[in-house]
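Here's the structure we're looking at; comments come further down.
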Amino acid sequence: RCFGMKSSSGVGQCLQEQREVGNGIRIQDITSLIEPVESDFPCGSAVNVEVKIAIPSVESIRPRVMRLTCDPGVLILQEDTYFKCSCGRLKLRVFEENDGELIYYRRPDSSGFRASSYVRYSVRDLPGLKSFLEKSNGTVGVVRKERLLHMSGRTRIHLDRVEGLGDFLELEVVLRPNEPHDSGEREAAGLLEELRVGDYEQIGVSYYDLMQAN
């Protein structure tokens, strides 16, 4: 099934160069394949406070999200290929227009509100970079999803339909540099209350980890 909405490629975030991606790959080794996404942050990786919830269906929650955000959302088709990484997670995200991003992030595996630090790079040569990472790191899995993106202030609201897993609601509160995590947690908690999903099951791992568990 598809949401039946006009699709768009990903929305860029703040990112700064990180020296090591994992398993000994250095960013300077692949600068011909990637470039940093433009950033509003002065330095370091960006940080979100995130929460993920299993929902009965996108259709059951979408009207509440639309009332809250006053917009129909943007449909983004994504394919995430995960690679072996000694610390954190490394994935290559491809959008339907065949553009994409390399994303490295660290996030605890726990239910509830989680702080996620990440860096993202716009990819100029998707086949070349994917081949490079397959040879150097090795592929561990692929996640495909349809994502409806809504915005509520600085918070990204995702309604995800994940192939083989089902439907999910995800909130990502984008923190300012050096902002305490608890302020983002309060903001996310308020949105969960407004959306009336506070009693739904919270998921403490990535979609890739859920697929592995199944």
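How things are named: the first chain in the structure tokens is A, the next is B, and so on; residues count from 1 in each chain; ligands count from 1 in the order shown.
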For A:Asp160, work out the shell of residues within 6 Å, counting only C-alpha atoms and skipping chain neighbours fewer than 5 positions away, then give it as a PyMOL selection string.
-> chain A and resi 146-147+167-168
DSSP strand (DSSP E) residues within stretch 45-84 of chain A, as a VMD selection string = chain A and resid 46 to 54 74 to 83
Let's have the selection written as a tab-separated table (two decimals), in the first residue's frame, with N, CA, C and O atoms.
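Listed below is the output, out_12.tsv:
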```tsv
chain	number	residue	atom	x	y	z
A	46	ALA	N	24.80	16.75	15.14
A	46	ALA	CA	23.50	17.20	15.59
A	46	ALA	C	22.94	16.20	16.60
A	46	ALA	O	23.36	15.05	16.64
A	47	VAL	N	21.98	16.64	17.42
A	47	VAL	CA	21.39	15.77	18.43
A	47	VAL	C	19.88	15.91	18.39
A	47	VAL	O	19.34	17.03	18.35
A	48	ASN	N	19.19	14.78	18.36
A	48	ASN	CA	17.73	14.72	18.49
A	48	ASN	C	17.37	14.03	19.79
A	48	ASN	O	18.11	13.18	20.29
A	49	VAL	N	16.19	14.36	20.32
A	49	VAL	CA	15.53	13.50	21.30
A	49	VAL	C	14.43	12.78	20.55
A	49	VAL	O	13.58	13.42	19.90
A	50	GLU	N	14.44	11.44	20.60
A	50	GLU	CA	13.54	10.65	19.76
A	50	GLU	C	12.70	9.69	20.60
A	50	GLU	O	13.10	9.26	21.67
A	51	VAL	N	11.53	9.37	20.06
A	51	VAL	CA	10.70	8.31	20.62
A	51	VAL	C	9.97	7.65	19.46
A	51	VAL	O	9.53	8.31	18.52
A	52	LYS	N	9.86	6.32	19.52
A	52	LYS	CA	9.23	5.54	18.46
A	52	LYS	C	8.12	4.68	19.06
A	52	LYS	O	8.32	4.06	20.11
A	53	ILE	N	6.97	4.64	18.37
A	53	ILE	CA	5.79	3.96	18.90
A	53	ILE	C	5.19	3.08	17.81
A	53	ILE	O	5.06	3.51	16.66
A	54	ALA	N	4.82	1.86	18.16
A	54	ALA	CA	4.08	1.00	17.24
A	54	ALA	C	2.62	1.45	17.22
A	54	ALA	O	2.02	1.66	18.29
A	74	VAL	N	4.48	15.23	3.76
A	74	VAL	CA	5.23	14.93	2.54
A	74	VAL	C	5.64	13.47	2.57
A	74	VAL	O	6.16	12.99	3.58
A	75	LEU	N	5.37	12.76	1.49
A	75	LEU	CA	5.74	11.35	1.41
A	75	LEU	C	7.16	11.20	0.92
A	75	LEU	O	7.54	11.77	-0.11
A	76	ILE	N	7.96	10.43	1.66
A	76	ILE	CA	9.35	10.17	1.31
A	76	ILE	C	9.54	8.65	1.26
A	76	ILE	O	9.29	7.96	2.25
A	77	LEU	N	9.97	8.14	0.12
A	77	LEU	CA	10.29	6.72	0.00
A	77	LEU	C	11.77	6.54	0.30
A	77	LEU	O	12.61	7.23	-0.28
A	78	GLN	N	12.08	5.62	1.20
A	78	GLN	CA	13.46	5.45	1.66
A	78	GLN	C	13.87	3.99	1.63
A	78	GLN	O	13.08	3.10	1.97
A	79	GLU	N	15.13	3.76	1.27
A	79	GLU	CA	15.76	2.45	1.40
A	79	GLU	C	17.08	2.65	2.14
A	79	GLU	O	17.97	3.34	1.66
A	80	ASP	N	17.18	2.06	3.32
A	80	ASP	CA	18.37	2.19	4.16
A	80	ASP	C	19.17	0.90	4.13
A	80	ASP	O	18.66	-0.16	4.53
A	81	THR	N	20.41	0.98	3.67
A	81	THR	CA	21.32	-0.16	3.71
A	81	THR	C	22.28	0.03	4.88
A	81	THR	O	22.99	1.04	4.95
A	82	TYR	N	22.27	-0.91	5.82
A	82	TYR	CA	23.13	-0.83	7.01
A	82	TYR	C	24.43	-1.59	6.76
A	82	TYR	O	24.44	-2.66	6.14
A	83	PHE	N	25.51	-1.01	7.29
A	83	PHE	CA	26.84	-1.61	7.13
A	83	PHE	C	27.43	-1.93	8.50
A	83	PHE	O	27.07	-1.29	9.50
```
Computed interatomic separation between atom CA of A:Ser116 and atom CA of A:Glu163 (Å) | 23.3 Å
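Coordinates place atom CA of A:Arg62 at a distance of 7.5 Å from atom CA of A:Leu159.
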Nearest to A:Val142: which of A:Val65, A:Leu175, A:Val123, A:Val162 is it, counting only C-alpha atoms?
->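 Closest residue, counting only C-alpha atoms: A:Val162.
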